[in-house]
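Asker: Pasting input.pdb below, which is PDB, C-alpha atoms and all ligand atoms.
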```
ATOM      1  CA  MET H  18      70.798 112.348 185.892
ATOM      2  CA  ALA H  19      69.709 111.611 189.442
ATOM      3  CA  VAL H  20      66.216 112.987 188.762
ATOM      4  CA  GLY H  21      65.887 110.988 185.534
ATOM      5  CA  PHE H  22      66.897 107.791 187.272
ATOM      6  CA  GLY H  23      64.418 108.470 190.081
ATOM      7  CA  LEU H  24      61.576 108.923 187.622
ATOM      8  CA  LEU H  25      62.433 105.733 185.764
ATOM      9  CA  PHE H  26      62.640 103.853 189.049
ATOM     10  CA  SER H  27      59.216 105.160 190.091
ATOM     11  CA  LEU H  28      57.683 104.056 186.819
ATOM     12  CA  LEU H  29      59.132 100.581 187.208
ATOM     13  CA  LEU H  30      57.429 100.271 190.589
ATOM     14  CA  LEU H  31      54.035 100.896 189.048
ATOM     15  CA  SER H  32      52.183  97.929 187.658
ATOM     16  CA  PRO H  33      50.651  98.228 184.197
ATOM     17  CA  HIS H  34      47.216  98.382 185.838
ATOM     18  CA  THR H  35      48.247 101.321 188.003
ATOM     19  CA  LEU H  36      49.608 103.151 184.973
ATOM     20  CA  VAL H  37      46.283 103.040 183.162
ATOM     21  CA  GLY H  38      44.329 103.529 186.388
ATOM     22  CA  VAL H  39      42.166 100.367 186.282
ATOM     23  CA  SER H  40      43.518  98.201 189.052
ATOM     24  CA  PRO H  41      41.144  95.213 189.142
ATOM     25  CA  PRO H  42      39.348  94.960 192.476
ATOM     26  CA  CYS H  43      40.253  92.230 194.941
ATOM     27  CA  PRO H  44      38.106  91.660 198.043
ATOM     28  CA  ALA H  45      39.774  92.586 201.329
ATOM     29  CA  GLY H  46      41.687  89.690 202.828
ATOM     30  CA  CYS H  47      41.660  87.667 199.596
ATOM     31  CA  ARG H  48      44.371  86.900 197.083
ATOM     32  CA  CYS H  49      43.623  87.519 193.431
ATOM     33  CA  TYR H  50      45.795  86.182 190.621
ATOM     34  CA  SER H  51      45.311  84.833 187.106
ATOM     35  CA  LEU H  52      41.493  84.561 187.095
ATOM     36  CA  THR H  53      41.565  83.004 190.575
ATOM     37  CA  VAL H  54      40.368  84.486 193.849
ATOM     38  CA  GLU H  55      41.324  82.831 197.134
ATOM     39  CA  CYS H  56      39.285  83.773 200.200
ATOM     40  CA  GLY H  57      39.457  80.570 202.251
ATOM     41  CA  SER H  58      39.511  80.787 206.078
ATOM     42  CA  THR H  59      38.956  84.539 206.229
ATOM     43  CA  ASP H  60      35.856  84.641 208.483
ATOM     44  CA  LEU H  61      33.660  85.791 205.616
ATOM     45  CA  ARG H  62      29.948  86.007 206.446
ATOM     46  CA  ASP H  63      28.863  86.652 202.879
ATOM     47  CA  ILE H  64      30.147  86.003 199.399
ATOM     48  CA  PRO H  65      32.338  89.076 198.856
ATOM     49  CA  ARG H  66      31.542  91.906 196.507
ATOM     50  CA  LEU H  67      34.231  93.433 194.295
ATOM     51  CA  VAL H  68      35.403  90.135 192.893
ATOM     52  CA  PRO H  69      37.015  90.743 189.491
ATOM     53  CA  PRO H  70      34.281  89.984 186.914
ATOM     54  CA  SER H  71      36.650  87.830 184.850
ATOM     55  CA  THR H  72      37.237  85.407 187.751
ATOM     56  CA  GLN H  73      37.006  81.727 186.793
ATOM     57  CA  THR H  74      37.896  80.071 190.094
ATOM     58  CA  ILE H  75      36.893  81.259 193.537
ATOM     59  CA  PHE H  76      37.830  79.611 196.813
ATOM     60  CA  LEU H  77      35.475  80.542 199.655
ATOM     61  CA  GLN H  78      35.844  77.423 201.795
ATOM     62  CA  ASP H  79      36.199  77.403 205.604
ATOM     63  CA  ASN H  80      34.279  80.601 206.260
ATOM     64  CA  VAL H  81      30.983  81.370 207.994
ATOM     65  CA  ILE H  82      28.908  82.237 204.937
ATOM     66  CA  SER H  83      25.289  81.534 205.912
ATOM     67  CA  GLN H  84      23.440  81.961 202.640
ATOM     68  CA  ILE H  85      23.750  82.361 198.910
ATOM     69  CA  ARG H  86      21.705  85.230 197.588
ATOM     70  CA  ARG H  87      20.617  86.091 194.072
ATOM     71  CA  VAL H  88      22.793  89.206 194.010
ATOM     72  CA  ASP H  89      25.946  87.421 195.148
ATOM     73  CA  LEU H  90      26.993  85.909 191.833
ATOM     74  CA  THR H  91      25.232  87.998 189.207
ATOM     75  CA  LEU H  92      28.391  89.923 188.243
ATOM     76  CA  LEU H  93      30.459  86.749 187.923
ATOM     77  CA  LYS H  94      29.532  85.343 184.541
ATOM     78  CA  HIS H  95      32.735  83.425 183.854
ATOM     79  CA  LEU H  96      32.979  81.157 186.880
ATOM     80  CA  HIS H  97      34.095  77.595 186.206
ATOM     81  CA  TYR H  98      34.888  76.511 189.760
ATOM     82  CA  LEU H  99      33.108  77.654 192.914
ATOM     83  CA  TYR H 100      34.253  76.227 196.242
ATOM     84  CA  LEU H 101      31.998  76.906 199.233
ATOM     85  CA  GLN H 102      32.653  73.822 201.343
ATOM     86  CA  ASN H 103      32.715  74.074 205.116
ATOM     87  CA  ASN H 104      30.607  77.165 205.602
ATOM     88  CA  SER H 105      27.259  77.629 207.380
ATOM     89  CA  ILE H 106      25.055  77.862 204.309
ATOM     90  CA  SER H 107      21.472  76.983 205.158
ATOM     91  CA  GLY H 108      19.706  78.904 202.430
ATOM     92  CA  VAL H 109      20.193  79.198 198.706
ATOM     93  CA  GLU H 110      17.950  81.851 197.235
ATOM     94  CA  PRO H 111      16.202  80.576 194.079
ATOM     95  CA  GLY H 112      17.908  82.003 190.994
ATOM     96  CA  SER H 113      21.290  82.404 192.686
ATOM     97  CA  PHE H 114      22.960  80.403 189.908
ATOM     98  CA  HIS H 115      20.940  81.938 187.122
ATOM     99  CA  ASP H 116      24.058  83.400 185.474
ATOM    100  CA  GLN H 117      26.306  80.405 186.111
ATOM    101  CA  SER H 118      25.944  78.689 182.770
ATOM    102  CA  GLN H 119      29.717  78.146 182.607
ATOM    103  CA  LEU H 120      30.137  76.647 186.057
ATOM    104  CA  LEU H 121      31.693  73.167 185.906
ATOM    105  CA  GLU H 122      32.225  72.351 189.556
ATOM    106  CA  LEU H 123      30.302  73.474 192.630
ATOM    107  CA  ALA H 124      31.308  72.456 196.140
ATOM    108  CA  LEU H 125      28.598  72.924 198.756
ATOM    109  CA  ASN H 126      29.638  70.045 201.010
ATOM    110  CA  GLY H 127      29.941  70.629 204.723
ATOM    111  CA  ASN H 128      27.130  73.153 205.037
ATOM    112  CA  ARG H 129      23.630  73.224 206.561
ATOM    113  CA  ILE H 130      21.472  72.902 203.491
ATOM    114  CA  HIS H 131      18.328  70.910 204.268
ATOM    115  CA  LEU H 132      16.296  71.624 201.171
ATOM    116  CA  LEU H 133      17.357  71.622 197.550
ATOM    117  CA  THR H 134      14.882  72.608 194.861
ATOM    118  CA  PRO H 135      15.143  72.855 191.054
ATOM    119  CA  SER H 136      14.828  76.645 191.215
ATOM    120  CA  MET H 137      17.930  76.817 193.391
ATOM    121  CA  LEU H 138      19.959  74.984 190.754
ATOM    122  CA  GLN H 139      18.437  76.662 187.733
ATOM    123  CA  GLY H 140      21.056  77.990 185.310
ATOM    124  CA  LEU H 141      23.780  75.434 186.005
ATOM    125  CA  GLU H 142      23.777  74.209 182.424
ATOM    126  CA  GLN H 143      27.357  72.972 182.239
ATOM    127  CA  LEU H 144      27.774  71.694 185.768
ATOM    128  CA  ARG H 145      29.782  68.470 185.914
ATOM    129  CA  ILE H 146      30.378  67.914 189.604
ATOM    130  CA  LEU H 147      28.207  68.930 192.535
ATOM    131  CA  TYR H 148      29.456  68.219 196.037
ATOM    132  CA  LEU H 149      26.672  67.999 198.599
ATOM    133  CA  SER H 150      27.872  65.641 201.310
ATOM    134  CA  GLY H 151      27.829  66.770 204.906
ATOM    135  CA  ASN H 152      24.613  68.744 204.694
ATOM    136  CA  ASP H 153      21.212  68.224 206.310
ATOM    137  CA  ILE H 154      19.486  67.034 203.159
ATOM    138  CA  THR H 155      17.264  64.077 204.007
ATOM    139  CA  ARG H 156      14.996  64.037 201.023
ATOM    140  CA  LEU H 157      15.269  65.040 197.363
ATOM    141  CA  LEU H 158      12.555  65.267 194.779
ATOM    142  CA  ASP H 159      13.345  63.251 191.679
ATOM    143  CA  TYR H 160      13.161  66.277 189.416
ATOM    144  CA  THR H 161      15.588  68.358 191.458
ATOM    145  CA  PHE H 162      18.398  67.757 188.978
ATOM    146  CA  LYS H 163      16.214  67.834 185.905
ATOM    147  CA  GLY H 164      17.722  70.010 183.201
ATOM    148  CA  LEU H 165      21.186  69.607 184.651
ATOM    149  CA  GLN H 166      23.815  67.419 183.062
ATOM    150  CA  VAL H 167      25.626  66.748 186.292
ATOM    151  CA  LYS H 168      27.818  63.675 185.978
ATOM    152  CA  HIS H 169      28.689  63.352 189.627
ATOM    153  CA  ILE H 170      26.571  64.293 192.579
ATOM    154  CA  ARG H 171      28.257  63.481 195.839
ATOM    155  CA  THR H 172      25.658  63.358 198.535
ATOM    156  CA  HIS H 173      25.308  61.966 201.990
ATOM    157  CA  ARG H 174      25.118  58.198 202.298
ATOM    158  CA  SER H 175      21.704  58.182 203.951
ATOM    159  CA  LEU H 176      20.099  60.359 201.317
ATOM    160  CA  HIS H 177      16.753  59.121 200.064
ATOM    161  CA  LEU H 178      15.636  59.878 196.571
ATOM    162  CA  ALA H 179      11.941  60.534 196.673
ATOM    163  CA  THR H 180      10.014  59.355 193.637
TER
HETATM  164  C1  LIG S 201      36.027  74.538 208.742
HETATM  165  O1  LIG S 201      36.430  75.896 208.788
HETATM  166  C2  LIG S 201      36.961  76.316 210.034
HETATM  167  C3  LIG S 201      37.294  77.784 209.903
HETATM  168  O2  LIG S 201      36.138  78.520 209.671
HETATM  169  C4  LIG S 201      38.197  75.492 210.367
HETATM  170  O3  LIG S 201      38.703  75.867 211.613
HETATM  171  C5  LIG S 201      37.840  74.008 210.351
HETATM  172  O4  LIG S 201      39.016  73.257 210.522
HETATM  173  C6  LIG S 201      37.190  73.622 209.029
HETATM  174  N1  LIG S 201      36.712  72.263 209.107
HETATM  175  C7  LIG S 201      37.006  71.364 208.164
HETATM  176  C8  LIG S 201      36.400  70.011 208.366
HETATM  177  O5  LIG S 201      37.712  71.617 207.220
END
```
Using structure tokens, write down the structure that the file contains.
Answerer:
Amino acid sequence: MAVGFGLLFSLLLLSPHTLVGVSPPCPAGCRCYSLTVECGSTDLRDIPRLVPPSTQTIFLQDNVISQIRRVDLTLLKHLHYLYLQNNSISGVEPGSFHDQSQLLELALNGNRIHLLTPSMLQGLEQLRILYLSGNDITRLLDYTFKGLQVKHIRTHRSLHLAT
């Protein structure tokens, strides 16, 4: 009886994922739950790898991420919300959002972006809100947001739209 009880108890401690051996990855220092990954204020220098591919919301604010690279988001094809405010992002590699056709909201405010080009934003077909305030953008070309359906672009007050 004692052995049987011990075995049952052990099985109860195992999560269903452990039982089938496919524990979804969660980046070190982050919290992962119900299609959400929280990695705010964790001193991250890069967008983490090993984010569960089904993730819809990812919080990466208040870190020291310095760039967004093409490879960073290619495995995440279901993102709806991407929060990168208050980092040190100065560069966005063209094509970084190529696979982000489902992204609705993108927060890039409070970074060091000084140049924004159409190729950086290419792929953001569903984007509704783009936060850009608190960057070093002083000039935008009028076609930068061409092809996007962004309803709200929150930029710095002194931004000049070049025509
Ligand atoms: C930005 O993030 C740092 C941590 O990296 C934090 O200490 C600071 O309070 C944040 N600033 C704002 C304006 O949220």
Asker: Could you report the residues within 8 Å of ligand LIG 201 (chain S), using all atoms listed in the file, as a list of chain:residue names?
Answerer: H:Ser58, H:Thr59, H:Asp60, H:Gln78, H:Asp79, H:Asn80, H:Val81, H:Asn103, H:Asn104, H:Gly127
Asker: I'd like the residues picked by the PyMOL selection byres (((chain H and resi 108-118) around 7) and not hetatm) written out as a compact mmCIF listing (two decimals) with C-alpha atoms, keeping the file's coordinate frame, using the chain letters and numbers from the file.
Answerer:
```
# COMPACT_ATOMS: atom_id res chain seq x y z
CA GLN H 84 23.44 81.96 202.64
CA ILE H 85 23.75 82.36 198.91
CA ARG H 86 21.70 85.23 197.59
CA ARG H 87 20.62 86.09 194.07
CA LEU H 90 26.99 85.91 191.83
CA THR H 91 25.23 88.00 189.21
CA LYS H 94 29.53 85.34 184.54
CA LEU H 96 32.98 81.16 186.88
CA ILE H 106 25.06 77.86 204.31
CA SER H 107 21.47 76.98 205.16
CA GLN H 119 29.72 78.15 182.61
CA LEU H 120 30.14 76.65 186.06
CA ILE H 130 21.47 72.90 203.49
CA SER H 136 14.83 76.64 191.22
CA MET H 137 17.93 76.82 193.39
CA LEU H 138 19.96 74.98 190.75
CA GLN H 139 18.44 76.66 187.73
CA GLY H 140 21.06 77.99 185.31
CA LEU H 141 23.78 75.43 186.00
CA GLU H 142 23.78 74.21 182.42
CA GLN H 143 27.36 72.97 182.24
```
Asker: Could you write out as a list in words the residues that the PyMOL selection byres (((chain H and resi 154) around 7) and not hetatm) matches in the shown file?
Answerer: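 This file, filtered by the PyMOL selection byres (((chain H and resi 154) around 7) and not hetatm), leaves Ile130, His131, Leu132, Asn152, Asp153, Thr155, Arg156 and Leu176 of chain H.
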Asker: Please determine, counting only C-alpha atoms, which residue among H:Ala124, H:Val88, H:Val167, H:Cys47 has the shortest atom-to-atom distance to Gly151 in chain H.
Answerer: H:Ala124
Asker: Could you work out how far CA of Tyr100 in chain H lies from CA of Leu52 in chain H, giving the answer in Å with one decimal?
Answerer: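 Rounded to one decimal, the two atoms are 14.3 Å apart.
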Asker: Quick one: residues within 7 Å of Leu99 in chain H, only C-alpha atoms, excluding same-chain residues fewer than 6 positions away - as an MDAnalysis selection string?
Answerer: chainID H and resid 74:76 122:124
Asker: I'd like the contact shell of Thr161 in chain H - 7 Å cut-off, only C-alpha atoms, skipping same-chain residues fewer than 4 positions apart - returned as a VMD selection string.
Answerer: chain H and resid 134 to 135 157
Asker: I'd like the interatomic distance between CA of Pro65 in chain H and CA of Gly46 in chain H, to a tenth of an Å.
Answerer: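 The value is 10.2 Å.
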Asker: Would you compute the distance between CA of Thr53 in chain H and CA of Pro69 in chain H? Give it in Å to one decimal.
Answerer: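 About the pair CA of Thr53 in chain H and CA of Pro69 in chain H: they are 9.0 Å apart.
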Asker: Pull the neighbourhood of (35.9, 91.2, 186.5) for me: all residues within 10 Å in file coordinates, counting all atoms listed in the file, as a list in words.
Answerer: Pro41, Pro42, Cys43, Leu52, Leu67, Val68, Pro69, Pro70, Ser71, Thr72, Gln73, Leu92, Leu93, Lys94 and His95 of chain H
Asker: Point out the residue among H:Leu61, H:Ser105, H:Lys163, H:Arg66 with the least atom-to-atom distance to Asp89 in chain H, counting only C-alpha atoms.
Answerer: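 Going through H:Leu61, H:Ser105, H:Lys163, H:Arg66 one by one, the smallest distance to Asp89 in chain H is for H:Arg66.
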Asker: When you count only C-alpha atoms, which of these residues is closest to Ile146 in chain H: H:Leu121, H:Leu165, H:Cys56, H:Leu158?
Answerer: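 Using only C-alpha atoms, Ile146 in chain H sits closest to H:Leu121.
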Asker: Taking all atoms listed in the file into account, name the residue in H:Leu149, H:Leu77, H:Leu144, H:Leu101 that is nearest to Gly57 in chain H.
Answerer: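 Using all atoms listed in the file, Gly57 in chain H sits closest to H:Leu77.
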Asker: Find, counting all atoms listed in the file, the residue in H:Gln166, H:Arg62, H:Arg129, H:Gln102 that gets nearest to Tyr148 in chain H.
Answerer: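 Using all atoms listed in the file, the shortest distance to Tyr148 in chain H belongs to H:Gln102.
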